[in-house]
Every structure is written in C-alpha cells, then in structure tokens.
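Text of entry-v9.cif, listed as mmCIF, C-alpha atoms:
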```cif
data_data
#
loop_
_atom_site.label_atom_id
_atom_site.label_comp_id
_atom_site.auth_asym_id
_atom_site.auth_seq_id
_atom_site.Cartn_x
_atom_site.Cartn_y
_atom_site.Cartn_z
CA MET A 1 110.42 67.93 103.66
CA THR A 2 112.81 67.60 106.60
CA LYS A 3 111.88 68.21 110.21
CA ASN A 4 108.20 67.69 109.45
CA LYS A 5 105.94 67.38 112.46
CA GLN A 6 102.28 66.59 112.87
CA LEU A 7 99.97 69.39 113.97
CA SER A 8 99.03 67.51 117.13
CA GLY A 9 102.60 67.83 118.39
CA ILE A 10 102.55 71.62 118.52
CA ASN A 11 101.69 73.79 121.49
CA SER A 12 98.78 75.92 120.28
CA SER A 13 99.53 78.67 122.79
CA GLU A 14 102.99 79.08 121.27
CA LEU A 15 101.50 79.25 117.79
CA ALA A 16 99.19 82.09 118.77
CA LEU A 17 101.75 84.07 120.76
CA THR A 18 103.36 85.97 117.91
CA GLY A 19 100.02 86.59 116.24
CA LYS A 20 98.52 88.06 119.40
CA SER A 21 101.47 90.33 120.09
CA GLU A 22 101.49 91.61 116.51
CA ARG A 23 97.75 92.17 116.69
CA HIS A 24 98.18 94.27 119.83
CA ILE A 25 100.79 96.37 118.04
CA THR A 26 98.51 96.74 115.02
CA LEU A 27 95.59 97.90 117.15
CA PHE A 28 97.79 100.31 119.11
CA CYS A 29 99.19 101.80 115.91
CA MET A 30 95.74 102.14 114.37
CA GLN A 31 94.47 103.87 117.49
CA HIS A 32 97.34 106.37 117.57
CA GLN A 33 97.99 106.78 113.82
CA LEU A 34 101.43 105.16 113.96
CA LYS A 35 102.99 103.19 111.09
CA CYS A 36 105.05 100.64 113.02
CA HIS A 37 104.74 97.76 110.55
CA GLN A 38 105.64 100.03 107.67
CA ALA A 39 108.56 101.41 109.67
CA LEU A 40 109.84 97.89 110.28
CA THR A 41 110.68 97.63 106.57
CA HIS A 42 113.25 100.40 107.09
CA PHE A 43 115.05 97.96 109.37
CA SER A 44 114.81 95.01 106.94
CA GLY A 45 112.23 93.44 109.23
CA ASN A 46 114.68 93.27 112.14
CA LYS A 47 112.42 93.66 115.17
CA SER A 48 115.31 93.81 117.61
CA THR A 49 116.89 96.78 115.83
CA TYR A 50 113.55 98.56 115.61
CA PHE A 51 112.92 97.96 119.31
CA LYS A 52 116.30 99.45 120.24
CA SER A 53 115.73 102.39 117.90
CA VAL A 54 112.43 103.25 119.59
CA GLN A 55 114.23 103.15 122.94
CA LEU A 56 116.81 105.61 121.61
CA PHE A 57 114.00 107.74 120.19
CA ILE A 58 112.55 108.09 123.68
CA ASN A 59 115.92 109.36 124.88
CA ASP A 60 116.04 111.85 122.00
CA LEU A 61 112.54 113.11 122.76
CA THR A 62 113.51 113.57 126.39
CA LEU A 63 116.47 115.72 125.34
CA TYR A 64 114.33 117.71 122.92
CA ILE A 65 111.78 118.44 125.64
CA GLN A 66 114.55 119.63 127.94
CA GLN A 67 115.95 121.80 125.15
CA ILE A 68 112.55 123.38 124.48
CA MET A 69 112.08 124.21 128.13
CA ALA A 70 115.56 125.73 128.31
CA SER A 71 115.27 127.84 125.12
CA PRO A 72 111.76 129.28 125.05
CA ASN A 73 112.50 132.34 122.90
CA ILE A 74 115.29 131.36 120.48
CA PRO A 75 113.89 130.11 117.13
CA ALA A 76 117.33 129.23 115.76
CA ASP A 77 117.73 126.58 118.46
CA PHE A 78 114.78 124.65 117.09
CA THR A 79 115.80 124.30 113.44
CA PRO A 80 118.34 121.45 113.89
CA MET A 81 115.92 119.66 116.20
CA LEU A 82 113.05 119.79 113.72
CA HIS A 83 115.33 118.75 110.86
CA THR A 84 116.48 115.65 112.74
CA LEU A 85 113.05 114.92 114.15
CA LYS A 86 111.29 114.84 110.78
CA SER A 87 113.61 112.03 109.64
CA SER A 88 113.80 109.97 112.81
CA ALA A 89 110.06 110.15 113.45
CA ALA A 90 109.27 109.13 109.87
CA THR A 91 111.71 106.23 110.00
CA LEU A 92 110.13 104.88 113.19
CA GLY A 93 106.54 105.26 112.00
CA PHE A 94 105.60 108.38 113.97
CA THR A 95 104.34 109.94 110.76
CA GLU A 96 102.18 112.70 112.22
CA LEU A 97 105.10 113.92 114.31
CA ALA A 98 107.32 113.78 111.23
CA CYS A 99 104.84 115.88 109.23
CA TYR A 100 104.55 118.36 112.08
CA ALA A 101 108.33 118.75 112.27
CA ARG A 102 108.68 119.10 108.50
CA ASN A 103 105.95 121.74 108.22
CA HIS A 104 107.26 123.88 111.05
CA GLU A 105 110.89 123.60 109.97
CA ILE A 106 109.86 125.44 106.82
CA LYS A 107 107.74 128.06 108.61
CA LEU A 108 109.89 128.60 111.69
CA THR A 109 111.96 131.54 110.45
CA HIS A 110 108.83 133.45 109.41
CA TYR A 111 106.99 133.31 112.72
CA SER A 112 106.13 136.46 114.58
CA PRO A 113 106.91 136.47 118.32
CA THR A 114 103.30 135.62 119.07
CA GLU A 115 103.24 132.79 116.53
CA PHE A 116 106.52 131.43 117.83
CA SER A 117 105.23 131.47 121.39
CA GLN A 118 102.21 129.44 120.34
CA PHE A 119 104.41 127.07 118.30
CA HIS A 120 106.67 126.60 121.33
CA LYS A 121 103.77 125.50 123.54
CA ILE A 122 102.31 123.14 120.94
CA LEU A 123 105.70 121.61 120.14
CA LEU A 124 106.30 120.87 123.80
CA ALA A 125 102.91 119.20 124.11
CA THR A 126 103.40 117.27 120.85
CA LEU A 127 106.78 115.88 121.86
CA THR A 128 105.49 114.97 125.30
CA THR A 129 102.54 113.09 123.78
CA ASN A 130 104.74 111.21 121.32
CA LYS A 131 107.21 110.32 124.05
CA GLU A 132 104.33 108.82 126.03
CA LEU A 133 103.23 106.86 122.95
CA ALA A 134 106.74 105.53 122.42
CA ILE A 135 106.94 104.49 126.07
CA MET A 136 103.62 102.63 125.75
CA LEU A 137 104.81 101.00 122.53
CA ILE A 138 107.97 99.58 124.10
CA PRO A 139 106.36 96.73 126.12
CA LEU A 140 104.28 95.74 123.09
CA LEU A 141 107.39 95.55 120.92
CA GLU A 142 109.28 93.68 123.62
CA LYS A 143 106.54 91.07 123.94
CA ASP A 144 106.40 90.63 120.18
CA LEU A 145 110.18 90.31 120.01
CA GLN A 146 110.12 87.61 122.67
CA ALA A 147 107.35 85.80 120.81
CA SER A 148 109.27 85.98 117.54
CA ASN A 149 112.38 84.57 119.19
CA SER A 150 110.44 81.68 120.71
CA GLN A 151 108.81 80.95 117.35
CA LYS A 152 112.20 80.32 115.75
CA ASP A 153 112.20 76.88 117.37
CA MET A 154 108.68 76.01 116.26
CA PRO A 155 108.42 72.85 114.13
CA ILE A 156 107.65 72.93 110.44
CA LEU A 157 104.29 71.42 109.57
CA GLU A 158 103.98 68.70 106.99
CA VAL A 159 101.87 69.52 103.94
CA ASN A 160 99.07 67.09 104.76
CA ASN A 161 95.31 67.25 105.19
CA GLU A 162 95.58 69.08 108.50
CA PHE A 163 97.84 71.69 106.93
CA ILE A 164 95.33 72.12 104.10
CA MET A 165 92.55 72.60 106.66
CA ILE A 166 94.52 75.35 108.41
CA TYR A 167 95.26 76.98 105.07
CA ALA A 168 91.56 76.85 104.16
CA THR A 169 90.71 78.42 107.52
CA LEU A 170 93.21 81.18 106.86
CA MET A 171 91.70 81.87 103.44
CA GLU A 172 88.22 82.02 104.94
CA GLU A 173 89.30 84.35 107.75
CA VAL A 174 91.04 86.66 105.29
CA ASN A 175 88.00 86.61 103.02
CA HIS A 176 85.79 87.67 105.95
CA TYR A 177 88.27 90.24 107.32
CA ASN A 178 88.69 88.21 110.51
CA MET A 179 91.65 89.40 112.60
CA ASN A 180 92.19 85.86 113.87
CA ALA A 181 93.94 85.35 110.53
CA ILE A 182 97.05 86.69 112.28
CA ASN A 183 97.01 83.73 114.66
CA THR A 184 96.16 81.21 111.96
CA PHE A 185 98.93 82.45 109.69
CA ALA A 186 101.47 81.98 112.50
CA GLN A 187 100.68 78.26 112.54
CA ILE A 188 101.77 77.65 108.96
CA ALA A 189 104.15 80.54 108.28
CA LYS A 190 107.30 78.40 108.35
CA THR A 191 105.93 75.84 105.92
CA LEU A 192 104.63 78.55 103.60
CA ASN A 193 108.07 80.13 103.63
CA LEU A 194 109.51 76.87 102.28
CA ILE A 195 106.77 76.50 99.67
CA ALA A 196 106.61 80.09 98.43
CA PRO A 197 109.37 82.26 99.95
CA GLN A 198 108.79 84.90 97.28
CA HIS A 199 105.27 85.50 98.62
CA VAL A 200 105.47 85.01 102.37
CA GLU A 201 107.03 88.31 103.43
CA LEU A 202 104.39 90.35 101.62
CA LEU A 203 101.68 87.99 102.87
CA ALA A 204 102.82 88.46 106.46
CA GLN A 205 102.83 92.23 106.06
CA SER A 206 99.39 92.17 104.45
CA ILE A 207 97.85 90.11 107.25
CA ASN A 208 99.56 91.98 110.09
CA GLN A 209 98.54 95.32 108.59
CA LEU A 210 94.99 94.05 108.00
CA LYS A 211 95.25 94.46 104.22
CA PHE A 212 92.98 91.47 103.69
CA GLN A 213 92.22 91.96 100.00
CA GLN A 214 95.92 91.88 99.20
CA ALA A 215 96.40 88.86 101.46
CA GLU A 216 93.53 87.05 99.73
CA ASN A 217 95.20 87.53 96.35
CA ILE A 218 98.53 86.22 97.63
CA LEU A 219 96.91 83.16 99.21
CA ALA A 220 95.22 82.42 95.90
CA ASP A 221 98.61 82.56 94.17
CA ILE A 222 100.19 80.19 96.70
CA TYR A 223 97.43 77.58 96.68
CA PRO A 224 98.39 75.92 93.35
CA LEU A 225 101.91 75.41 94.71
CA ILE A 226 100.48 73.59 97.73
CA VAL A 227 98.28 71.41 95.54
CA ASN A 228 101.27 70.56 93.38
CA ILE A 229 103.25 69.38 96.43
CA GLN A 230 100.43 67.05 97.44
CA LYS A 231 100.42 65.27 94.08
#
```
Represent the supplied structure as structure tokens.
Amino acid sequence: MTKNKQLSGINSSELALTGKSERHITLFCMQHQLKCHQALTHFSGNKSTYFKSVQLFINDLTLYIQQIMASPNIPADFTPMLHTLKSSAATLGFTELACYARNHEIKLTHYSPTEFSQFHKILLATLTTNKELAIMLIPLLEKDLQASNSQKDMPILEVNNEFIMIYATLMEEVNHYNMNAINTFAQIAKTLNLIAPQHVELLAQSINQLKFQQAENILADIYPLIVNIQK
C-alpha cells in the first residue's frame, strides 16, 4: 500500500478533529430534531455545498419573515411560500418545518379569518425559530468543513498490528454504543476506504448518526478483508 505511515507519526488532535465536529453536529441535530446527516446525502455528501445551501436558506427565511409581517391578512400570498418551504426545508433536514409547511399549504384556503390569524402568528414564530437554528448550525458546519478539508492531507495507515488494535477499539466502542467511535473511526477511515470502499460510506453514516447496530454489522463484514490483507 503506497503512502503508508506508522501510527506514531500522526497528530492525534488532527485525527479527532473531524470526529468531534461531526459529533457536535449530531448532538445539535438530535436536540433540535434536525436531519442534517440525512440531508447531506441530497448533496452527494458535499459538505461545502450543504453549508452554502444552509446560508442561502437563512436568507430565504429572512425574506419569508419580512413577507409575513408585510402581508398579515392575505392568505394567497402564503401559498407559494409554503410550497417552496416544504421542499427546501426537507432537503436541508429541517423536517419538522417541512411537515408544518406541507400541512398548512393544504389547509390554508379553508381557514376562517380567526384560524388564519392564529396560523399567521404561529408561522411567524416557527420561521423565526428555524432561522435561529440555522444560524446556530452554521458555525458547527463551518468547523466540520474545515476539519474535513484538513483531513484530506492525513496519512494513510498501514494495515499492521497498531491498525488492528484501533479497529478492535472501534468495534468495541460501537458494540457498547460509545460515541467516541466517531473519533476512532476518523483515525482509520482512509485505510478502510482502500480496503472496502463499498462499505465505508454507509459505515461513516452509521457511526455519525449513532446507528451502532448497523455499524457493528458493517465492521463485521469488513474484518475478514483486513485479515486477508495481513496474510
């Protein structure tokens, strides 16, 4: 394997950087019922494009809020907004907002004046809340993007005893639902991608989304390939 390096030659803080930033995003999304990692698949895993899209989403939400405040009593003005919002929010992982927009797009034309007035107030509050969430998400995404870019230059580990020890640690952490598996996986991700490229993308998603049972099964499938390389 070309460009192999010993584990001792790697900066451990660099190895953990991407894992930590992804863990922060995972925790933030779990706390606020966002589906950021799932949304990333809509962008073919391109974190830079997703980051820019969330920035544009903030601009859109700002315009929607201004529109709501300017048109408090005109239901027809809200239909195009809700139609667009249900798609953009779903694509970016703001699933609750997407569901809200979809449900009210259907009901909007049937609201009484009183119901519409209540809808207007709740919509304004909902968009404001989601704009704040998107703003809080931006620095987390930016940090993760920076970490991912720095990781591109990380060396590829040789499949030796130390690599096997890290792999065993990863399997144990996954088996015990230990979130440090995110950091451990980052240490050997490049090598695993060379050994089993057909498995690594799903493995990364499973670990980052804390789907440990699925990750455990994938690691079990990869292990015979590692053993075969050592022979």
Selected by the PyMOL selection byres ((chain A and resi 206) around 12) in the shown coordinates: which residues, as a VMD selection string?
chain A and resid 26 37 to 38 174 177 179 181 to 182 185 199 to 205 207 to 219
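Each of A:Thr126, A:Pro139, A:Ser148, A:Asn103 was checked against Tyr64 (chain A) using all atoms listed in the file; the smallest atom-to-atom distance is that of A:Thr126.
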When the PyMOL selection byres ((chain A and resi 28) around 12) is applied to the structure above, which residues does it catch, written out as a PyMOL selection string?
chain A and resi 21-27+29-37+133-134+136-141+209
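Separating CA of Ile58 (chain A) from CA of Ile135 (chain A) is a distance of 7.1 Å.
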Quick check, in Å to one decimal: how far apart do CA of Asp144 (chain A) and CA of Phe43 (chain A) lie?
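The value is 15.7 Å.
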Would you pick out the contacts of Phe78 (chain A) at 9 Å or less, using only C-alpha atoms, so that residues sharing its chain but fewer than 4 positions from it are not included, and give the list as an NGL selection string?
:A and (67-68 or 71 or 74 or 82-83 or 105 or 108)
Run through the PyMOL selection byres ((chain A and resi 127) around 8) on the given coordinates and return the selected residues as a PyMOL selection string.
chain A and resi 61+64-65+97+123-126+128-131
Looking at A:Thr41, A:Ser53, A:Ser117, A:Thr169, which one is nearest to Asn183 (chain A), with distances taken over all atoms listed in the file?
A:Thr169
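Each of A:Thr114, A:Thr184, A:Asn193, A:Thr62 was compared to Tyr167 (chain A) using all atoms listed in the file, and A:Thr184 turns out to be the nearest.
Using only C-alpha atoms, the nearest neighbour of Pro224 (chain A) within the list A:Leu170, A:Ala186, A:Ile106, A:Ile164 is A:Ile164.
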